[in-house]
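For reference, target.cif is printed below; it contains mmCIF, C-alpha atoms.
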```
data_work
#
loop_
_atom_site.group_PDB
_atom_site.id
_atom_site.type_symbol
_atom_site.label_atom_id
_atom_site.label_comp_id
_atom_site.auth_asym_id
_atom_site.auth_seq_id
_atom_site.Cartn_x
_atom_site.Cartn_y
_atom_site.Cartn_z
ATOM 1 C CA MET S 70 0.000 0.000 0.000
ATOM 2 C CA SER S 71 1.395 3.413 -0.971
ATOM 3 C CA ASP S 72 1.147 6.563 1.137
ATOM 4 C CA THR S 73 -1.531 7.855 -1.211
ATOM 5 C CA ASP S 74 -3.729 4.870 -0.331
ATOM 6 C CA LEU S 75 -3.653 5.616 3.407
ATOM 7 C CA THR S 76 -6.571 7.258 5.163
ATOM 8 C CA PRO S 77 -5.639 10.952 5.531
ATOM 9 C CA PRO S 78 -5.487 12.679 8.927
ATOM 10 C CA VAL S 79 -8.579 14.636 9.963
ATOM 11 C CA ALA S 80 -8.691 17.446 12.522
ATOM 12 C CA LEU S 81 -11.536 16.845 14.995
ATOM 13 C CA PRO S 82 -12.698 18.448 18.254
ATOM 14 C CA ASP S 83 -11.434 16.406 21.194
ATOM 15 C CA ASP S 84 -14.873 15.177 22.267
ATOM 16 C CA VAL S 85 -15.700 14.024 18.730
ATOM 17 C CA ALA S 86 -12.286 12.393 18.355
ATOM 18 C CA LEU S 87 -12.604 10.527 21.661
ATOM 19 C CA ASP S 88 -16.038 9.194 20.751
ATOM 20 C CA LEU S 89 -14.743 8.069 17.362
ATOM 21 C CA LEU S 90 -11.681 6.385 18.890
ATOM 22 C CA ARG S 91 -13.789 4.559 21.475
ATOM 23 C CA HIS S 92 -16.585 3.328 19.231
ATOM 24 C CA GLY S 93 -15.280 3.360 15.659
ATOM 25 C CA GLU S 94 -14.223 0.367 13.607
ATOM 26 C CA LEU S 95 -10.434 0.068 13.597
ATOM 27 C CA SER S 96 -8.627 -1.213 10.505
ATOM 28 C CA ILE S 97 -4.852 -1.515 10.121
ATOM 29 C CA GLU S 98 -3.347 0.126 7.018
ATOM 30 C CA GLY S 99 0.384 0.112 7.728
ATOM 31 C CA ARG S 100 3.175 -0.007 10.287
ATOM 32 C CA LEU S 101 5.688 2.630 11.372
ATOM 33 C CA VAL S 102 8.837 0.562 10.927
ATOM 34 C CA ASP S 103 11.166 2.972 12.777
ATOM 35 C CA ALA S 104 9.256 2.669 16.054
ATOM 36 C CA SER S 105 10.793 0.464 18.767
ATOM 37 C CA ASN S 106 7.371 -0.938 19.696
ATOM 38 C CA ALA S 107 4.635 -2.081 17.318
ATOM 39 C CA THR S 108 3.061 1.152 16.055
ATOM 40 C CA LEU S 109 0.307 0.742 13.499
ATOM 41 C CA TYR S 110 -1.262 3.317 11.166
ATOM 42 C CA CYS S 111 -4.994 2.736 11.123
ATOM 43 C CA ALA S 112 -8.286 4.048 9.849
ATOM 44 C CA ILE S 113 -11.064 4.537 12.384
ATOM 45 C CA THR S 114 -14.637 4.796 11.110
ATOM 46 C CA ALA S 115 -18.011 5.439 12.725
ATOM 47 C CA GLY S 116 -20.968 6.319 10.515
ATOM 48 C CA ASP S 117 -19.835 8.810 7.895
ATOM 49 C CA VAL S 118 -16.741 9.932 9.851
ATOM 50 C CA THR S 119 -13.342 8.404 9.105
ATOM 51 C CA ALA S 120 -9.993 9.550 10.469
ATOM 52 C CA ALA S 121 -6.428 8.285 10.756
ATOM 53 C CA CYS S 122 -5.094 7.076 14.078
ATOM 54 C CA VAL S 123 -2.168 5.323 15.739
ATOM 55 C CA TYR S 124 -2.715 1.938 17.364
ATOM 56 C CA LYS S 125 -0.085 0.489 19.725
ATOM 57 C CA PRO S 126 -1.157 -2.976 20.901
ATOM 58 C CA VAL S 127 0.157 -4.160 24.255
ATOM 59 C CA ALA S 128 1.243 -7.383 22.543
ATOM 60 C CA GLY S 129 3.741 -5.381 20.491
ATOM 61 C CA GLU S 130 5.460 -3.670 23.425
ATOM 62 C CA ARG S 131 9.171 -4.395 23.812
ATOM 63 C CA PRO S 132 10.114 -5.322 27.413
ATOM 64 C CA LEU S 133 12.070 -2.639 29.302
ATOM 65 C CA TRP S 134 14.250 -3.170 32.363
ATOM 66 C CA ASP S 135 12.860 -0.168 34.248
ATOM 67 C CA PHE S 136 9.137 -0.307 33.382
ATOM 68 C CA PRO S 137 6.723 -3.166 34.130
ATOM 69 C CA ASP S 138 5.857 -5.258 31.085
ATOM 70 C CA GLY S 139 2.596 -4.487 29.307
ATOM 71 C CA THR S 140 2.064 -1.031 30.861
ATOM 72 C CA LEU S 141 3.181 1.395 28.150
ATOM 73 C CA ALA S 142 -0.230 1.776 26.502
ATOM 74 C CA GLU S 143 -1.877 2.713 29.784
ATOM 75 C CA ARG S 144 0.901 5.232 30.472
ATOM 76 C CA GLU S 145 0.141 6.861 27.120
ATOM 77 C CA VAL S 146 -3.509 7.174 28.127
ATOM 78 C CA ALA S 147 -2.548 8.543 31.552
ATOM 79 C CA ALA S 148 -0.408 11.187 29.839
ATOM 80 C CA TYR S 149 -3.407 12.226 27.739
ATOM 81 C CA GLU S 150 -5.692 12.401 30.772
ATOM 82 C CA LEU S 151 -3.240 14.650 32.621
ATOM 83 C CA SER S 152 -2.618 16.780 29.522
ATOM 84 C CA ALA S 153 -6.352 17.290 29.075
ATOM 85 C CA ARG S 154 -6.702 18.503 32.665
ATOM 86 C CA LEU S 155 -3.846 20.961 32.222
ATOM 87 C CA GLY S 156 -5.800 22.439 29.320
ATOM 88 C CA TRP S 157 -2.771 22.775 27.074
ATOM 89 C CA ARG S 158 -3.798 20.169 24.421
ATOM 90 C CA ILE S 159 -0.307 18.667 24.402
ATOM 91 C CA VAL S 160 -1.261 15.020 23.896
ATOM 92 C CA PRO S 161 -3.691 14.208 21.065
ATOM 93 C CA PRO S 162 -6.939 12.428 22.042
ATOM 94 C CA THR S 163 -5.941 8.973 23.293
ATOM 95 C CA ILE S 164 -7.901 5.999 24.608
ATOM 96 C CA TYR S 165 -7.362 2.366 25.616
ATOM 97 C CA ARG S 166 -9.415 -0.227 23.778
ATOM 98 C CA ASP S 167 -9.422 -3.577 22.062
ATOM 99 C CA GLY S 168 -8.261 -3.783 18.458
ATOM 100 C CA PRO S 169 -7.282 -6.244 15.716
ATOM 101 C CA ALA S 170 -4.079 -7.170 17.607
ATOM 102 C CA GLY S 171 -5.618 -7.078 21.070
ATOM 103 C CA PRO S 172 -5.939 -4.289 23.631
ATOM 104 C CA GLY S 173 -3.769 -1.213 23.299
ATOM 105 C CA MET S 174 -3.513 2.531 22.944
ATOM 106 C CA VAL S 175 -5.347 4.311 20.118
ATOM 107 C CA GLN S 176 -4.545 7.970 19.404
ATOM 108 C CA LEU S 177 -5.764 10.431 16.797
ATOM 109 C CA TRP S 178 -3.126 10.913 14.086
ATOM 110 C CA ILE S 179 -1.917 14.502 13.883
ATOM 111 C CA ASP S 180 -1.265 16.152 10.521
ATOM 112 C CA GLU S 181 2.192 17.585 11.217
ATOM 113 C CA ASP S 182 3.327 20.785 9.498
ATOM 114 C CA THR S 183 6.398 19.484 7.688
ATOM 115 C CA LEU S 184 7.453 23.031 6.751
ATOM 116 C CA THR S 185 8.284 23.800 10.387
ATOM 117 C CA ASP S 186 11.926 23.093 11.277
ATOM 118 C CA VAL S 187 11.656 21.355 14.654
ATOM 119 C CA VAL S 188 15.394 21.672 15.363
ATOM 120 C CA ARG S 189 15.259 25.414 14.779
ATOM 121 C CA LEU S 190 12.116 25.645 16.895
ATOM 122 C CA ILE S 191 13.863 23.871 19.775
ATOM 123 C CA ARG S 192 17.051 25.903 19.502
ATOM 124 C CA GLY S 193 15.094 29.152 19.347
ATOM 125 C CA GLY S 194 14.130 28.769 23.003
ATOM 126 C CA SER S 195 11.234 31.224 22.736
ATOM 127 C CA SER S 196 8.309 28.919 21.952
ATOM 128 C CA ALA S 197 5.565 29.170 24.574
ATOM 129 C CA ALA S 198 4.162 25.872 23.294
ATOM 130 C CA LEU S 199 7.458 24.063 23.879
ATOM 131 C CA ARG S 200 7.791 25.628 27.314
ATOM 132 C CA ARG S 201 4.407 24.201 28.289
ATOM 133 C CA ILE S 202 5.568 20.793 27.069
ATOM 134 C CA ALA S 203 8.708 21.133 29.221
ATOM 135 C CA VAL S 204 6.488 21.688 32.282
ATOM 136 C CA PHE S 205 4.213 18.806 31.298
ATOM 137 C CA ASP S 206 7.218 16.489 30.877
ATOM 138 C CA ALA S 207 8.452 17.397 34.348
ATOM 139 C CA VAL S 208 5.068 16.423 35.803
ATOM 140 C CA VAL S 209 4.761 13.094 33.957
ATOM 141 C CA ASN S 210 8.485 12.336 34.350
ATOM 142 C CA ASN S 211 8.998 11.801 30.628
ATOM 143 C CA ALA S 212 12.043 9.629 30.004
ATOM 144 C CA ASP S 213 12.097 10.111 26.246
ATOM 145 C CA ARG S 214 11.265 13.608 24.933
ATOM 146 C CA LYS S 215 12.974 13.433 21.560
ATOM 147 C CA GLY S 216 12.661 16.165 18.944
ATOM 148 C CA GLY S 217 10.824 13.702 16.734
ATOM 149 C CA HIS S 218 8.116 13.402 19.377
ATOM 150 C CA LEU S 219 7.183 17.056 18.865
ATOM 151 C CA LEU S 220 4.552 17.668 16.188
ATOM 152 C CA PRO S 221 4.023 21.300 15.124
ATOM 153 C CA VAL S 222 0.819 21.956 13.212
ATOM 154 C CA ALA S 223 -0.180 24.668 10.795
ATOM 155 C CA ASP S 224 -1.823 26.951 13.377
ATOM 156 C CA GLY S 225 1.385 27.157 15.436
ATOM 157 C CA HIS S 226 0.358 24.682 18.118
ATOM 158 C CA VAL S 227 2.794 21.893 19.021
ATOM 159 C CA TYR S 228 1.646 18.426 20.064
ATOM 160 C CA GLY S 229 3.716 15.886 21.958
ATOM 161 C CA VAL S 230 3.459 12.146 21.311
ATOM 162 C CA ASP S 231 5.049 8.858 22.435
ATOM 163 C CA HIS S 232 4.488 8.906 26.192
ATOM 164 C CA GLY S 233 4.910 5.208 26.962
ATOM 165 C CA VAL S 234 7.911 5.743 29.243
ATOM 166 C CA THR S 235 6.364 8.164 31.717
ATOM 167 C CA PHE S 236 5.221 8.195 35.357
ATOM 168 C CA ASN S 237 8.155 6.187 36.701
ATOM 169 C CA VAL S 238 8.591 6.522 40.457
ATOM 170 C CA GLU S 239 12.318 7.251 39.950
ATOM 171 C CA ASP S 240 13.631 10.448 38.378
ATOM 172 C CA LYS S 241 13.789 9.632 34.655
ATOM 173 C CA LEU S 242 13.401 13.044 32.999
ATOM 174 C CA ARG S 243 15.266 13.008 29.681
ATOM 175 C CA THR S 244 14.441 15.699 27.186
ATOM 176 C CA VAL S 245 15.696 17.989 24.448
ATOM 177 C CA LEU S 246 13.827 20.840 26.170
ATOM 178 C CA TRP S 247 16.301 21.999 28.816
ATOM 179 C CA GLN S 248 16.352 25.594 27.507
ATOM 180 C CA TRP S 249 14.488 26.890 30.564
ATOM 181 C CA ALA S 250 16.292 24.822 33.217
ATOM 182 C CA GLY S 251 16.443 26.746 36.475
ATOM 183 C CA GLU S 252 14.311 29.635 35.221
ATOM 184 C CA PRO S 253 11.172 30.726 37.120
ATOM 185 C CA LEU S 254 8.010 29.033 35.949
ATOM 186 C CA PRO S 255 5.685 31.297 33.938
ATOM 187 C CA GLU S 256 2.625 32.519 35.810
ATOM 188 C CA GLU S 257 0.345 30.525 33.493
ATOM 189 C CA ALA S 258 2.247 27.351 34.393
ATOM 190 C CA ILE S 259 1.899 27.995 38.115
ATOM 191 C CA ASP S 260 -1.837 28.639 37.729
ATOM 192 C CA ALA S 261 -2.243 25.449 35.677
ATOM 193 C CA LEU S 262 -0.268 23.382 38.198
ATOM 194 C CA VAL S 263 -2.349 24.690 41.099
ATOM 195 C CA GLU S 264 -5.521 23.675 39.257
ATOM 196 C CA LEU S 265 -3.983 20.315 38.335
ATOM 197 C CA ARG S 266 -3.012 19.665 41.950
ATOM 198 C CA GLY S 267 -6.645 19.977 42.982
ATOM 199 C CA THR S 268 -7.883 17.570 40.318
ATOM 200 C CA LEU S 269 -5.221 15.027 41.331
ATOM 201 C CA GLU S 270 -6.944 14.828 44.700
ATOM 202 C CA ARG S 271 -10.313 14.301 43.020
ATOM 203 C CA ASP S 272 -11.475 12.801 39.721
ATOM 204 C CA LEU S 273 -8.149 12.926 37.851
ATOM 205 C CA GLY S 274 -6.498 11.055 40.690
ATOM 206 C CA ASP S 275 -9.219 8.413 40.513
ATOM 207 C CA ARG S 276 -8.700 8.068 36.770
ATOM 208 C CA LEU S 277 -4.916 7.771 37.077
ATOM 209 C CA HIS S 278 -5.341 5.041 39.690
ATOM 210 C CA GLU S 279 -7.092 3.000 36.965
ATOM 211 C CA LEU S 280 -4.024 3.310 34.729
ATOM 212 C CA LEU S 281 -1.032 3.511 37.101
ATOM 213 C CA THR S 282 0.058 2.102 40.441
ATOM 214 C CA THR S 283 -0.770 3.891 43.675
ATOM 215 C CA ARG S 284 2.902 4.723 44.151
ATOM 216 C CA GLU S 285 3.151 6.204 40.652
ATOM 217 C CA VAL S 286 0.149 8.434 41.282
ATOM 218 C CA ARG S 287 1.598 9.575 44.598
ATOM 219 C CA ARG S 288 4.910 10.416 42.955
ATOM 220 C CA THR S 289 3.070 12.432 40.308
ATOM 221 C CA ILE S 290 1.421 14.488 43.036
ATOM 222 C CA ARG S 291 4.833 14.917 44.678
ATOM 223 C CA ARG S 292 6.356 16.203 41.439
ATOM 224 C CA VAL S 293 3.593 18.811 41.137
ATOM 225 C CA ASP S 294 4.134 19.828 44.759
ATOM 226 C CA ASP S 295 7.886 20.140 44.182
ATOM 227 C CA LEU S 296 7.422 22.288 41.078
ATOM 228 C CA LEU S 297 5.079 24.609 42.948
ATOM 229 C CA ALA S 298 7.362 24.786 45.996
ATOM 230 C CA ILE S 299 10.498 25.561 43.974
ATOM 231 C CA GLY S 300 8.723 27.666 41.349
ATOM 232 C CA ARG S 301 11.316 26.915 38.700
ATOM 233 C CA HIS S 302 11.865 24.594 35.772
ATOM 234 C CA PRO S 303 13.817 21.505 36.887
ATOM 235 C CA GLU S 304 17.509 21.119 36.116
ATOM 236 C CA PRO S 305 19.360 17.941 35.101
ATOM 237 C CA SER S 306 20.175 15.922 38.204
ATOM 238 C CA GLY S 307 23.357 14.291 36.956
ATOM 239 C CA ASP S 308 22.064 10.894 38.105
ATOM 240 C CA TRP S 309 20.503 10.057 34.738
ATOM 241 C CA PRO S 310 21.380 10.995 31.128
ATOM 242 C CA ALA S 311 19.705 14.362 30.591
ATOM 243 C CA VAL S 312 19.052 13.981 26.856
ATOM 244 C CA PRO S 313 17.552 10.910 25.142
ATOM 245 C CA TRP S 314 19.504 9.121 22.424
ATOM 246 C CA PRO S 315 19.107 9.717 19.608
ATOM 247 C CA PRO S 316 17.864 13.244 20.409
ATOM 248 C CA MET S 317 15.688 13.346 17.283
#
```

Entire entry expressed as structure tokens:
Amino acid sequence: MSDTDLTPPVALPDDVALDLLRHGELSIEGRLVDASNATLYCAITAGDVTAACVYKPVAGERPLWDFPDGTLAEREVAAYELSARLGWRIVPPTIYRDGPAGPGMVQLWIDEDTLTDVVRLIRGGSSAALRRIAVFDAVVNNADRKGGHLLPVADGHVYGVDHGVTFNVEDKLRTVLWQWAGEPLPEEAIDALVELRGTLERDLGDRLHELLTTREVRRTIRRVDDLLAIGRHPEPSGDWPAVPWPPM
């Protein structure tokens, strides 16, 4: 099948996308061969609406020494749930469901603006969208924020994808977004973290407990508390490689 035969991406409101991902018929059209875990390009159809999506079945997850087997898909969903509560639309609509290769993560495919130079965007150090992602990554303890996991779109927004290695109880933050290390958090980030902290004690916390261990949820709350107490972007600890390899 050629690229021209693939179902094209479709921009949808989050509520419409989530309903489609949950209830639509999922059909596999291709595989992203560069991905370390099974990552499938699919069409999702319900009624007269069809969109492209990513499907990562649990059965295709490669075992990791520092993450429990079979948990990456649920971590991706947890990252979406937390992103949605922050209100920054970092993670595309993502759900956990059964599919042709068994249960796994299904996420709306984002039509990336290929004219945007991601390396230049990162090096510029002035993108408010990237700064929000840096804060988000500190909260979810993202161990693999590569440049290739940043998806700029035509309206200037930047999405982040590939959040399978998140929410570890140990400090695992590895990212290409250290430009703001040690700088005071923007006021909008502090306001968003305060609001997030409240939801972690209520419905968001309940939802994360369905996807993560109790200890992982507690550590997430602790990371939010630490960010608010220090009021600054985190700095590399020196105990863990600060940048993922390869960085892109």

Can you pull out every residue within 8 Å of range 294-303 of chain S, counting all atoms listed in the file, but drop anything in the same chain fewer than 5 positions away, and send it as a short mmCIF file (atom, residue, chain, number, x, y, z; two decimals) with C-alpha atoms, in the frame of the given file?
```
data_model
loop_
_atom_site.label_atom_id
_atom_site.label_comp_id
_atom_site.auth_asym_id
_atom_site.auth_seq_id
_atom_site.Cartn_x
_atom_site.Cartn_y
_atom_site.Cartn_z
CA VAL S 204 6.49 21.69 32.28
CA ALA S 207 8.45 17.40 34.35
CA TRP S 249 14.49 26.89 30.56
CA ALA S 250 16.29 24.82 33.22
CA GLY S 251 16.44 26.75 36.48
CA GLU S 252 14.31 29.64 35.22
CA PRO S 253 11.17 30.73 37.12
CA LEU S 254 8.01 29.03 35.95
CA ILE S 259 1.90 28.00 38.12
CA LEU S 262 -0.27 23.38 38.20
CA VAL S 263 -2.35 24.69 41.10
CA ARG S 266 -3.01 19.66 41.95
#
```

TODO: Name all residues at most 10 Å from range 274-277 of chain S (count all atoms listed in the file; drop same-chain ones fewer than 2 positions away) and give them as a ChimeraX atom specification.
DONE: /S:143-144,146-148,150-151,265-272,279-283,285-287,289-290

TODO: Give as JSON, numbers by chain each residue that has an atom at most 7 Å from (0.3, 5.2, 6.8) in the file, counting all atoms listed in the file.
DONE: {"S": [72, 75, 98, 99, 100, 110]}

Task: Interatomic distance (Å, one decimal) between CA of Thr244 in chain S and CA of Ala121 in chain S - done: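 For CA of Thr244 in chain S relative to CA of Ala121 in chain S, the distance reads 27.6 Å.
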
- [ ] List the neighbours of range 162-167 of chain S out to 7 Å using all atoms listed in the file; skip same-chain residues closer than 5 positions along the sequence, and give me the result as JSON, numbers by chain.
- [x] {"S": [83, 86, 87, 90, 91, 143, 146, 149, 172, 173, 174, 175, 176, 177]}

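We find CA of Asp308 in chain S and CA of Lys215 in chain S to be spaced 19.0 Å apart.
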
- [ ] Identify all residues satisfying the PyMOL selection byres ((chain S and resi 218) around 9) in the given file; provide them as a PyMOL selection string.
- [x] chain S and resi 213-217+219-220+228-232+317

Open item on the list: What does the structure give for the distance between CA of Thr76 in chain S and CA of Trp157 in chain S, in Å to one decimal?
Closed with: 27.1 Å

Task: Pick from S:Thr140, S:Ser96, S:Ser306, S:Thr108, whichever lies nearest to Ala120 in chain S using all atoms listed in the file - done: S:Ser96

Any chance you could resolve the PyMOL selection byres ((chain S and resi 135) around 12) against this file and give the residues as a PDB file with C-alpha atoms, in the coordinates of the input?
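Output file expr-v4.pdb follows:
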```pdb
ATOM      1  CA  ARG S 131       9.171  -4.395  23.812  1.00  0.00           C
ATOM      2  CA  PRO S 132      10.114  -5.322  27.413  1.00  0.00           C
ATOM      3  CA  LEU S 133      12.070  -2.639  29.302  1.00  0.00           C
ATOM      4  CA  TRP S 134      14.250  -3.170  32.363  1.00  0.00           C
ATOM      5  CA  PHE S 136       9.137  -0.307  33.382  1.00  0.00           C
ATOM      6  CA  PRO S 137       6.723  -3.166  34.130  1.00  0.00           C
ATOM      7  CA  ASP S 138       5.857  -5.258  31.085  1.00  0.00           C
ATOM      8  CA  THR S 140       2.064  -1.031  30.861  1.00  0.00           C
ATOM      9  CA  LEU S 141       3.181   1.395  28.150  1.00  0.00           C
ATOM     10  CA  ALA S 212      12.043   9.629  30.004  1.00  0.00           C
ATOM     11  CA  VAL S 234       7.911   5.743  29.243  1.00  0.00           C
ATOM     12  CA  THR S 235       6.364   8.164  31.717  1.00  0.00           C
ATOM     13  CA  PHE S 236       5.221   8.195  35.357  1.00  0.00           C
ATOM     14  CA  ASN S 237       8.155   6.187  36.701  1.00  0.00           C
ATOM     15  CA  VAL S 238       8.591   6.522  40.457  1.00  0.00           C
ATOM     16  CA  GLU S 239      12.318   7.251  39.950  1.00  0.00           C
ATOM     17  CA  ASP S 240      13.631  10.448  38.378  1.00  0.00           C
ATOM     18  CA  LYS S 241      13.789   9.632  34.655  1.00  0.00           C
TER      19      LYS S 241
END
```

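Taking all atoms listed in the file into account, Val227 in chain S lies nearest to S:Ile159 out of the set S:Val79, S:Ala142, S:Ala112, S:Ile159.
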
Open item on the list: Which residue is closest to Ala198 in chain S? Choose from S:Ile179, S:Leu184, S:Leu246, S:Val293 and count all atoms listed in the file.
Closed with: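 Among S:Ile179, S:Leu184, S:Leu246, S:Val293, it is S:Leu246 that comes nearest to Ala198 in chain S.
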
When the PyMOL selection byres ((chain S and resi 222) around 9) is applied to the file above, which residues end up in the set, as a compact mmCIF listing (two decimals) with C-alpha atoms, in the coordinates of the input?
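So expr.txt came out as:
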```txt
# COMPACT_ATOMS: atom_id res chain seq x y z
CA ILE S 179 -1.92 14.50 13.88
CA ASP S 180 -1.26 16.15 10.52
CA GLU S 181 2.19 17.58 11.22
CA ASP S 182 3.33 20.78 9.50
CA THR S 183 6.40 19.48 7.69
CA THR S 185 8.28 23.80 10.39
CA LEU S 220 4.55 17.67 16.19
CA PRO S 221 4.02 21.30 15.12
CA ALA S 223 -0.18 24.67 10.80
CA ASP S 224 -1.82 26.95 13.38
CA GLY S 225 1.38 27.16 15.44
CA HIS S 226 0.36 24.68 18.12
CA VAL S 227 2.79 21.89 19.02
CA TYR S 228 1.65 18.43 20.06
```

TODO: Just the residues within 9 Å of Pro305 in chain S, please, counting only C-alpha atoms, with nothing from its chain fewer than 3 positions along; format it as a PyMOL selection string.
DONE: chain S and resi 242-243+247+250+308-311

Open item on the list: Counting all atoms listed in the file, which residue out of S:Arg189, S:Lys125, S:Arg200, S:Arg154 sits closest to Leu101 in chain S?
Closed with: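 Using all atoms listed in the file, the shortest distance to Leu101 in chain S belongs to S:Lys125.
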
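Neighbouring residues of Ile113 in chain S at 6 Å or closer, counting all atoms listed in the file and skipping chain neighbours under 4 positions away, are Gly93, Glu94, Leu95, Thr119 and Ala120 of chain S.
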
TODO: Name the closest residue to Asp260 in chain S among the candidates S:Arg292, S:Leu155, S:Ala104, S:Ala170; distances are taken between atoms, counting only C-alpha atoms.
DONE: S:Leu155

As lines of an AutoDock Vina configuration file, what would the box around range 114-129 of chain S look like: edges along x, y and z, 5 Å added on every side, centre and edge lengths in Å to one decimal?
```
center_x = -8.6
center_y = 1.3
center_z = 16.1
size_x = 34.7
size_y = 27.3
size_z = 26.4
```

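Of the listed residues (S:Arg201, S:His92, S:Arg192, S:Arg158), S:Arg192 comes nearest to Gln248 in chain S; the distances count only C-alpha atoms.
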